[in-house]
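Participant: Here it is: the structure, laid out below.
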Amino acid sequence: MKAATLSVGFIPLVDAAPLIIAQEMGFAAEEGIALELRRAPSWSSLRDMLSYGHVDAAHMLAPVPVAAALGIGGAGAALSAVSVLSVNGNVIGVSRDLSDRLRDVGHDFAFDNARAAGEALIAATPGRLRIGVPFPFSMHAELVYYWLSALGLPAPQSVDIRTVPPPLMAEAMDAGEIDAFCVGEPWGSKAVETGVGELLLPGSAIWAFAPEKVLAVRDAWATAEPALVARLIRAVWRAGRWLADPASRMLTAELLSRGAYLDLAPEIIDRALTGRLVISSRGEMREVPRFVEFHAGAATFPWRSQAEWIGLQMAARLGLDRAGAARAAQAVFRADLHREALAGTPADLPGASSKVEGGLALDTPVASEAGRLILARDAFFDGRVFDPGA
């Protein structure tokens, strides 16, 4: 039987790995599908490729399907997140000039204290802080807004948020267009490698288990092609499980480095996969456990509570009806389709589809289908929790 070919869009980032590995390592073929991977230049172009049917599925920022459900963000079709592709994986970087000022105010670049880093950043910035993010509706933006607002710098009102495609972030900083950025790897490391910036913080220091990218499809396509959607979910889940094996990292970096994908040296890509990041041109290194997660702790599960948190953050910022936003948002993360697709596989899925976000200070065993699931620490840096039932 000839494999069904699915066109899938992606942005050149380390967290596109589950799709690239699903195709390159044969997990898609095991499901009777072939992935035609199409590299997009920006998140807006990828969103449009998916919305208007130029691709069947996409590597997508977790907030984009939520924004579509809220009627914002310019999406042309209703979108669903049928899996989470990656958790965490972002870095916050600052220009060389700003890093010098941070050191002048006594910041130690410890890389694990979001409160200390944020307070130092606010103190070291003489004017209005200009921060680059890859897209207005992204976890990059949500993390920056949450972080700075919690520290007394209302965002976005008191900062200048600028949209810069990930591969161009270092160039924007070099040109003096931004003072800082929040971007997915390897593009923060590229800024360090080219000497234009230094890394201040991993995104996981703000929210320890944030859904970063999702596998997004159009609702209409999911309804019309349920069997293909299920095959795609399973292929990507198997790829994520393979990626979680430390023995896979060297080959993963080699595959992602190819010209059709990230087109960067494997050594730079490897930093994100191992969590061993070079934070400055002086060679300073920091280790970040679970810098990016593709599998452990039910990382692929599309928790409705995560979508609801995103929707409520957007609603509060944009003056939308909060109750309506919460309902619309939680319906976008399709835990039901994810469960159906992985029934009969070794996947150990949680017993619930919604949970308290930020409530786990430590890795914690929870009720699950096989009784072996341990959810990872998911704390917010300021100790707040989000309870969907409250």
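Identifiers in the structure tokens: chain A, B, ... in order shown; residue index from 1 per chain; ligand index from 1 in order shown.
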Wanna dump the segment 286-322 of chain A-segment 179-201 of chain A contacts at 12 Å for me, each residue with its shortest atom pair and the distance in Å to one decimal, counting only C-alpha atoms, ordered by chain and number, as a Markdown table?

Facilitator:
| residue | atom | partner | partner_atom | distance |
| --- | --- | --- | --- | --- |
| A:Arg286 | CA | A:Leu199 | CA | 9.8 |
| A:Glu287 | CA | A:Leu201 | CA | 11.3 |
| A:Val288 | CA | A:Leu201 | CA | 9.8 |
| A:Phe291 | CA | A:Glu185 | CA | 9.9 |
| A:Val292 | CA | A:Glu185 | CA | 9.3 |

Participant: Emit the selected residues as a tab-separated table (two decimals), in the first residue's frame, including C-alpha atoms.

Facilitator:
chain	number	residue	atom	x	y	z
A	286	ARG	CA	25.17	26.82	32.38
A	287	GLU	CA	23.37	23.49	32.71
A	288	VAL	CA	19.58	23.52	32.47
A	291	PHE	CA	15.85	22.61	28.85
A	292	VAL	CA	13.58	21.19	26.15

Participant: Considering only C-alpha atoms, give me a table of residues in segment 116-139 of chain A that are at most 10 Å from segment 88-97 of chain A, with the closest atom pair and distance in Å for each, as a Markdown table.

Facilitator:
| residue | atom | partner | partner_atom | distance |
| --- | --- | --- | --- | --- |
| A:Leu121 | CA | A:Val94 | CA | 9.0 |
| A:Ile131 | CA | A:Val94 | CA | 8.9 |
| A:Gly132 | CA | A:Gly93 | CA | 9.6 |
| A:Val133 | CA | A:Ile92 | CA | 9.7 |
| A:Met139 | CA | A:Asn90 | CA | 8.9 |

Participant: For the residues in the current selection, export C-alpha atoms as a PDB file, in the first residue's frame.

Facilitator:
ATOM      1  CA  LEU A 121      17.116  43.812  33.909  1.00  0.00           C
ATOM      2  CA  ILE A 131      12.259  43.045  23.449  1.00  0.00           C
ATOM      3  CA  GLY A 132      12.119  40.867  20.336  1.00  0.00           C
ATOM      4  CA  VAL A 133       9.710  37.918  20.233  1.00  0.00           C
ATOM      5  CA  MET A 139       4.698  31.501  24.581  1.00  0.00           C
TER       6      MET A 139
END

Participant: Which polymer residues have any atom within 6 Å of an atom of segment 32-44 of chain A, counting only C-alpha atoms, with same-chain residues fewer than 5 positions away left out, as a ChimeraX atom specification?

Facilitator: /A:3-11,23,165

Participant: Next, write the just-selected residues to a file, as a PDB file, in the first residue's frame, keeping all heavy atoms as the atom set.

Facilitator:
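Saved result, part36.pdb, follows:
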ATOM      1  N   ALA A   3       2.145   4.872   0.795  1.00  0.00           N
ATOM      2  CA  ALA A   3       1.976   5.741   1.959  1.00  0.00           C
ATOM      3  C   ALA A   3       1.241   7.013   1.563  1.00  0.00           C
ATOM      4  O   ALA A   3       1.453   7.561   0.477  1.00  0.00           O
ATOM      5  CB  ALA A   3       3.337   6.085   2.553  1.00  0.00           C
ATOM      6  N   ALA A   4       0.378   7.487   2.444  1.00  0.00           N
ATOM      7  CA  ALA A   4      -0.292   8.770   2.229  1.00  0.00           C
ATOM      8  C   ALA A   4       0.694   9.881   2.576  1.00  0.00           C
ATOM      9  O   ALA A   4       1.340   9.839   3.625  1.00  0.00           O
ATOM     10  CB  ALA A   4      -1.531   8.866   3.114  1.00  0.00           C
ATOM     11  N   THR A   5       0.819  10.859   1.692  1.00  0.00           N
ATOM     12  CA  THR A   5       1.750  11.963   1.928  1.00  0.00           C
ATOM     13  C   THR A   5       1.025  13.129   2.579  1.00  0.00           C
ATOM     14  O   THR A   5       0.011  13.610   2.066  1.00  0.00           O
ATOM     15  CB  THR A   5       2.394  12.426   0.610  1.00  0.00           C
ATOM     16  OG1 THR A   5       3.132  11.333   0.044  1.00  0.00           O
ATOM     17  CG2 THR A   5       3.346  13.595   0.856  1.00  0.00           C
ATOM     18  N   LEU A   6       1.550  13.577   3.720  1.00  0.00           N
ATOM     19  CA  LEU A   6       0.997  14.728   4.420  1.00  0.00           C
ATOM     20  C   LEU A   6       2.007  15.869   4.340  1.00  0.00           C
ATOM     21  O   LEU A   6       3.189  15.690   4.632  1.00  0.00           O
ATOM     22  CB  LEU A   6       0.738  14.395   5.892  1.00  0.00           C
ATOM     23  CG  LEU A   6      -0.147  13.183   6.192  1.00  0.00           C
ATOM     24  CD1 LEU A   6      -0.355  13.040   7.695  1.00  0.00           C
ATOM     25  CD2 LEU A   6      -1.481  13.303   5.479  1.00  0.00           C
ATOM     26  N   SER A   7       1.548  17.042   3.959  1.00  0.00           N
ATOM     27  CA  SER A   7       2.415  18.211   3.934  1.00  0.00           C
ATOM     28  C   SER A   7       2.369  18.865   5.313  1.00  0.00           C
ATOM     29  O   SER A   7       1.291  19.107   5.858  1.00  0.00           O
ATOM     30  CB  SER A   7       1.968  19.194   2.857  1.00  0.00           C
ATOM     31  OG  SER A   7       0.608  19.546   3.027  1.00  0.00           O
ATOM     32  N   VAL A   8       3.550  19.127   5.856  1.00  0.00           N
ATOM     33  CA  VAL A   8       3.652  19.648   7.211  1.00  0.00           C
ATOM     34  C   VAL A   8       4.630  20.826   7.217  1.00  0.00           C
ATOM     35  O   VAL A   8       5.780  20.686   6.804  1.00  0.00           O
ATOM     36  CB  VAL A   8       4.128  18.563   8.200  1.00  0.00           C
ATOM     37  CG1 VAL A   8       4.158  19.115   9.615  1.00  0.00           C
ATOM     38  CG2 VAL A   8       3.224  17.336   8.130  1.00  0.00           C
ATOM     39  N   GLY A   9       4.175  21.973   7.697  1.00  0.00           N
ATOM     40  CA  GLY A   9       5.020  23.155   7.756  1.00  0.00           C
ATOM     41  C   GLY A   9       5.788  23.233   9.065  1.00  0.00           C
ATOM     42  O   GLY A   9       5.331  22.743  10.094  1.00  0.00           O
ATOM     43  N   PHE A  10       6.963  23.851   9.004  1.00  0.00           N
ATOM     44  CA  PHE A  10       7.759  24.022  10.221  1.00  0.00           C
ATOM     45  C   PHE A  10       8.628  25.268  10.096  1.00  0.00           C
ATOM     46  O   PHE A  10       8.882  25.780   9.000  1.00  0.00           O
ATOM     47  CB  PHE A  10       8.644  22.793  10.484  1.00  0.00           C
ATOM     48  CG  PHE A  10       9.849  22.688   9.584  1.00  0.00           C
ATOM     49  CD1 PHE A  10      11.107  23.092  10.025  1.00  0.00           C
ATOM     50  CD2 PHE A  10       9.732  22.195   8.282  1.00  0.00           C
ATOM     51  CE1 PHE A  10      12.219  23.012   9.193  1.00  0.00           C
ATOM     52  CE2 PHE A  10      10.841  22.114   7.444  1.00  0.00           C
ATOM     53  CZ  PHE A  10      12.090  22.524   7.907  1.00  0.00           C
ATOM     54  N   ILE A  11       9.079  25.752  11.254  1.00  0.00           N
ATOM     55  CA  ILE A  11      10.061  26.834  11.348  1.00  0.00           C
ATOM     56  C   ILE A  11      11.379  26.196  11.791  1.00  0.00           C
ATOM     57  O   ILE A  11      11.373  25.270  12.607  1.00  0.00           O
ATOM     58  CB  ILE A  11       9.601  27.896  12.376  1.00  0.00           C
ATOM     59  CG1 ILE A  11       8.321  28.594  11.893  1.00  0.00           C
ATOM     60  CG2 ILE A  11      10.705  28.925  12.629  1.00  0.00           C
ATOM     61  CD1 ILE A  11       8.493  29.572  10.753  1.00  0.00           C
ATOM     62  N   GLN A  23       9.901  11.698  10.265  1.00  0.00           N
ATOM     63  CA  GLN A  23      10.127  11.384   8.862  1.00  0.00           C
ATOM     64  C   GLN A  23      11.472  10.691   8.652  1.00  0.00           C
ATOM     65  O   GLN A  23      11.546   9.651   7.993  1.00  0.00           O
ATOM     66  CB  GLN A  23      10.062  12.666   8.019  1.00  0.00           C
ATOM     67  CG  GLN A  23      10.333  12.466   6.533  1.00  0.00           C
ATOM     68  CD  GLN A  23       9.375  11.484   5.859  1.00  0.00           C
ATOM     69  OE1 GLN A  23       8.248  11.271   6.333  1.00  0.00           O
ATOM     70  NE2 GLN A  23       9.813  10.875   4.772  1.00  0.00           N
ATOM     71  N   PRO A 165      11.395  37.311  13.183  1.00  0.00           N
ATOM     72  CA  PRO A 165      11.489  35.868  12.923  1.00  0.00           C
ATOM     73  C   PRO A 165      12.695  35.268  13.637  1.00  0.00           C
ATOM     74  O   PRO A 165      13.765  35.917  13.705  1.00  0.00           O
ATOM     75  CB  PRO A 165      11.647  35.793  11.400  1.00  0.00           C
ATOM     76  CG  PRO A 165      11.007  37.049  10.893  1.00  0.00           C
ATOM     77  CD  PRO A 165      11.337  38.091  11.934  1.00  0.00           C
TER      78      PRO A 165
END

Participant: Do a neighbour search on Gly118 of chain A at 8 Å with only C-alpha atoms, toss out local chain neighbours closer than 2 positions, and write the hits as JSON, numbers by chain.

Facilitator: {"A": [114, 115, 116, 120, 121, 122, 147, 148, 151]}

Participant: Near segment 379-383 of chain A, counting only C-alpha atoms, which residues have an atom at most 12 Å away, once you skip same-chain residues fewer than 5 positions from it, shown as a PDB file with N, CA, C and O atoms, in the first residue's frame?

Facilitator:
ATOM      1  N   ASP A 112      19.235  30.809  36.793  1.00  0.00           N
ATOM      2  CA  ASP A 112      18.178  29.982  37.364  1.00  0.00           C
ATOM      3  C   ASP A 112      17.211  30.762  38.251  1.00  0.00           C
ATOM      4  O   ASP A 112      16.312  30.175  38.840  1.00  0.00           O
ATOM      5  N   ASN A 113      17.398  32.075  38.338  1.00  0.00           N
ATOM      6  CA  ASN A 113      16.570  32.878  39.235  1.00  0.00           C
ATOM      7  C   ASN A 113      15.872  33.968  38.431  1.00  0.00           C
ATOM      8  O   ASN A 113      16.451  35.019  38.151  1.00  0.00           O
ATOM      9  N   ALA A 114      14.629  33.711  38.054  1.00  0.00           N
ATOM     10  CA  ALA A 114      13.900  34.650  37.190  1.00  0.00           C
ATOM     11  C   ALA A 114      13.636  35.968  37.902  1.00  0.00           C
ATOM     12  O   ALA A 114      13.620  37.029  37.262  1.00  0.00           O
ATOM     13  N   ARG A 115      13.412  35.923  39.208  1.00  0.00           N
ATOM     14  CA  ARG A 115      13.141  37.161  39.939  1.00  0.00           C
ATOM     15  C   ARG A 115      14.389  38.054  39.956  1.00  0.00           C
ATOM     16  O   ARG A 115      14.319  39.242  39.630  1.00  0.00           O
ATOM     17  N   ALA A 116      15.526  37.490  40.314  1.00  0.00           N
ATOM     18  CA  ALA A 116      16.755  38.275  40.372  1.00  0.00           C
ATOM     19  C   ALA A 116      17.128  38.805  38.991  1.00  0.00           C
ATOM     20  O   ALA A 116      17.526  39.969  38.843  1.00  0.00           O
ATOM     21  N   ALA A 117      16.991  37.967  37.968  1.00  0.00           N
ATOM     22  CA  ALA A 117      17.340  38.393  36.609  1.00  0.00           C
ATOM     23  C   ALA A 117      16.417  39.500  36.126  1.00  0.00           C
ATOM     24  O   ALA A 117      16.861  40.478  35.508  1.00  0.00           O
ATOM     25  N   GLY A 118      15.132  39.365  36.416  1.00  0.00           N
ATOM     26  CA  GLY A 118      14.172  40.378  35.980  1.00  0.00           C
ATOM     27  C   GLY A 118      14.356  41.701  36.675  1.00  0.00           C
ATOM     28  O   GLY A 118      14.293  42.769  36.049  1.00  0.00           O
ATOM     29  N   LEU A 143       5.358  34.491  28.247  1.00  0.00           N
ATOM     30  CA  LEU A 143       6.315  34.372  29.349  1.00  0.00           C
ATOM     31  C   LEU A 143       6.897  35.737  29.713  1.00  0.00           C
ATOM     32  O   LEU A 143       7.036  36.069  30.897  1.00  0.00           O
ATOM     33  N   TYR A 146       4.167  37.833  31.500  1.00  0.00           N
ATOM     34  CA  TYR A 146       3.922  37.321  32.850  1.00  0.00           C
ATOM     35  C   TYR A 146       5.076  37.699  33.786  1.00  0.00           C
ATOM     36  O   TYR A 146       4.868  38.195  34.900  1.00  0.00           O
ATOM     37  N   TRP A 147       6.282  37.459  33.327  1.00  0.00           N
ATOM     38  CA  TRP A 147       7.501  37.694  34.110  1.00  0.00           C
ATOM     39  C   TRP A 147       7.651  39.160  34.513  1.00  0.00           C
ATOM     40  O   TRP A 147       7.758  39.481  35.696  1.00  0.00           O
ATOM     41  N   LEU A 148       7.622  40.046  33.516  1.00  0.00           N
ATOM     42  CA  LEU A 148       7.852  41.465  33.808  1.00  0.00           C
ATOM     43  C   LEU A 148       6.697  42.074  34.609  1.00  0.00           C
ATOM     44  O   LEU A 148       6.927  42.869  35.523  1.00  0.00           O
ATOM     45  N   SER A 149       5.466  41.683  34.279  1.00  0.00           N
ATOM     46  CA  SER A 149       4.317  42.227  35.020  1.00  0.00           C
ATOM     47  C   SER A 149       4.364  41.815  36.486  1.00  0.00           C
ATOM     48  O   SER A 149       4.063  42.613  37.376  1.00  0.00           O
ATOM     49  N   ALA A 150       4.763  40.573  36.744  1.00  0.00           N
ATOM     50  CA  ALA A 150       4.859  40.094  38.129  1.00  0.00           C
ATOM     51  C   ALA A 150       5.927  40.847  38.912  1.00  0.00           C
ATOM     52  O   ALA A 150       5.856  40.912  40.145  1.00  0.00           O
ATOM     53  N   LEU A 151       6.885  41.434  38.199  1.00  0.00           N
ATOM     54  CA  LEU A 151       7.974  42.163  38.858  1.00  0.00           C
ATOM     55  C   LEU A 151       7.738  43.665  38.880  1.00  0.00           C
ATOM     56  O   LEU A 151       8.632  44.437  39.223  1.00  0.00           O
ATOM     57  N   PRO A 202      16.797  30.886  30.969  1.00  0.00           N
ATOM     58  CA  PRO A 202      15.956  29.994  30.162  1.00  0.00           C
ATOM     59  C   PRO A 202      14.479  30.275  30.454  1.00  0.00           C
ATOM     60  O   PRO A 202      14.134  30.672  31.575  1.00  0.00           O
ATOM     61  N   GLY A 203      13.632  30.068  29.473  1.00  0.00           N
ATOM     62  CA  GLY A 203      12.198  30.268  29.697  1.00  0.00           C
ATOM     63  C   GLY A 203      11.661  29.426  30.832  1.00  0.00           C
ATOM     64  O   GLY A 203      10.728  29.824  31.530  1.00  0.00           O
ATOM     65  N   SER A 204      12.264  28.246  31.033  1.00  0.00           N
ATOM     66  CA  SER A 204      11.786  27.344  32.091  1.00  0.00           C
ATOM     67  C   SER A 204      11.970  27.912  33.488  1.00  0.00           C
ATOM     68  O   SER A 204      11.362  27.422  34.441  1.00  0.00           O
ATOM     69  N   ALA A 205      12.803  28.956  33.638  1.00  0.00           N
ATOM     70  CA  ALA A 205      12.948  29.601  34.945  1.00  0.00           C
ATOM     71  C   ALA A 205      11.721  30.437  35.285  1.00  0.00           C
ATOM     72  O   ALA A 205      11.495  30.766  36.448  1.00  0.00           O
ATOM     73  N   ILE A 206      10.915  30.778  34.276  1.00  0.00           N
ATOM     74  CA  ILE A 206       9.689  31.552  34.491  1.00  0.00           C
ATOM     75  C   ILE A 206       8.508  30.612  34.731  1.00  0.00           C
ATOM     76  O   ILE A 206       7.764  30.766  35.697  1.00  0.00           O
ATOM     77  N   TRP A 207       8.331  29.639  33.849  1.00  0.00           N
ATOM     78  CA  TRP A 207       7.328  28.588  34.027  1.00  0.00           C
ATOM     79  C   TRP A 207       8.036  27.278  33.738  1.00  0.00           C
ATOM     80  O   TRP A 207       8.534  27.081  32.632  1.00  0.00           O
ATOM     81  N   ALA A 208       8.103  26.399  34.717  1.00  0.00           N
ATOM     82  CA  ALA A 208       8.985  25.235  34.638  1.00  0.00           C
ATOM     83  C   ALA A 208       8.549  24.194  33.613  1.00  0.00           C
ATOM     84  O   ALA A 208       9.368  23.356  33.217  1.00  0.00           O
ATOM     85  N   PHE A 209       7.289  24.219  33.174  1.00  0.00           N
ATOM     86  CA  PHE A 209       6.834  23.202  32.209  1.00  0.00           C
ATOM     87  C   PHE A 209       5.801  23.835  31.283  1.00  0.00           C
ATOM     88  O   PHE A 209       4.615  23.515  31.328  1.00  0.00           O
ATOM     89  N   ALA A 210       6.274  24.760  30.449  1.00  0.00           N
ATOM     90  CA  ALA A 210       5.378  25.525  29.569  1.00  0.00           C
ATOM     91  C   ALA A 210       5.236  24.848  28.213  1.00  0.00           C
ATOM     92  O   ALA A 210       6.238  24.509  27.588  1.00  0.00           O
ATOM     93  N   VAL A 356      -4.411  21.651  37.817  1.00  0.00           N
ATOM     94  CA  VAL A 356      -3.909  22.904  38.350  1.00  0.00           C
ATOM     95  C   VAL A 356      -2.537  23.149  37.725  1.00  0.00           C
ATOM     96  O   VAL A 356      -1.662  22.279  37.766  1.00  0.00           O
ATOM     97  N   GLU A 357      -2.347  24.317  37.117  1.00  0.00           N
ATOM     98  CA  GLU A 357      -1.065  24.652  36.496  1.00  0.00           C
ATOM     99  C   GLU A 357      -0.205  25.431  37.484  1.00  0.00           C
ATOM    100  O   GLU A 357      -0.669  26.374  38.114  1.00  0.00           O
ATOM    101  N   GLY A 358       1.046  25.008  37.612  1.00  0.00           N
ATOM    102  CA  GLY A 358       1.958  25.674  38.533  1.00  0.00           C
ATOM    103  C   GLY A 358       1.933  25.098  39.930  1.00  0.00           C
ATOM    104  O   GLY A 358       2.590  25.622  40.829  1.00  0.00           O
ATOM    105  N   GLY A 359       1.191  24.019  40.129  1.00  0.00           N
ATOM    106  CA  GLY A 359       1.016  23.482  41.474  1.00  0.00           C
ATOM    107  C   GLY A 359       2.043  22.455  41.891  1.00  0.00           C
ATOM    108  O   GLY A 359       2.047  22.039  43.051  1.00  0.00           O
ATOM    109  N   LEU A 360       2.925  22.025  40.988  1.00  0.00           N
ATOM    110  CA  LEU A 360       3.885  20.972  41.317  1.00  0.00           C
ATOM    111  C   LEU A 360       5.263  21.570  41.561  1.00  0.00           C
ATOM    112  O   LEU A 360       5.952  21.989  40.631  1.00  0.00           O
ATOM    113  N   ALA A 361       5.682  21.587  42.813  1.00  0.00           N
ATOM    114  CA  ALA A 361       7.014  22.086  43.156  1.00  0.00           C
ATOM    115  C   ALA A 361       8.079  21.021  42.920  1.00  0.00           C
ATOM    116  O   ALA A 361       9.259  21.325  42.814  1.00  0.00           O
ATOM    117  N   LEU A 362       7.641  19.758  42.833  1.00  0.00           N
ATOM    118  CA  LEU A 362       8.535  18.627  42.589  1.00  0.00           C
ATOM    119  C   LEU A 362       7.887  17.683  41.588  1.00  0.00           C
ATOM    120  O   LEU A 362       6.665  17.725  41.381  1.00  0.00           O
ATOM    121  N   ASP A 363       8.682  16.809  40.961  1.00  0.00           N
ATOM    122  CA  ASP A 363       8.115  15.762  40.126  1.00  0.00           C
ATOM    123  C   ASP A 363       7.174  14.917  40.987  1.00  0.00           C
ATOM    124  O   ASP A 363       7.518  14.553  42.125  1.00  0.00           O
TER     125      ASP A 363
END

Participant: Considering only C-alpha atoms, state which residue in the set A:Leu46, A:Ala341, A:Leu320, A:Ala307 is at the smallest distance from Arg234 of chain A.

Facilitator: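 Among the listed residues, A:Ala341 lies closest to Arg234 of chain A.
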
Participant: Could you please determine the separation between atom CA of His338 of chain A and atom CA of Arg249 of chain A in Å, to one decimal place?

Facilitator: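 For atom CA of His338 of chain A relative to atom CA of Arg249 of chain A, the distance reads 26.0 Å.
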
Participant: Using only C-alpha atoms, which residue out of A:Asp263, A:Glu369, A:Asp48, A:Glu171 lies closest to Pro350 of chain A?

Facilitator: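 Comparing A:Asp263, A:Glu369, A:Asp48, A:Glu171 against Pro350 of chain A, the winner is A:Glu369.
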
Participant: Hey, which of A:Gly152, A:Pro65, A:Pro226, A:Gly371 ends up closest to Leu337 of chain A? Count only C-alpha atoms.

Facilitator: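 Of all the options, A:Pro226 lies closest to Leu337 of chain A.
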
Participant: Report, in Å to a single decimal, how far apart atom CA of Arg372 of chain A and atom CA of Asp15 of chain A are.

Facilitator: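 About the pair atom CA of Asp15 of chain A and atom CA of Arg372 of chain A: they are 25.8 Å apart.
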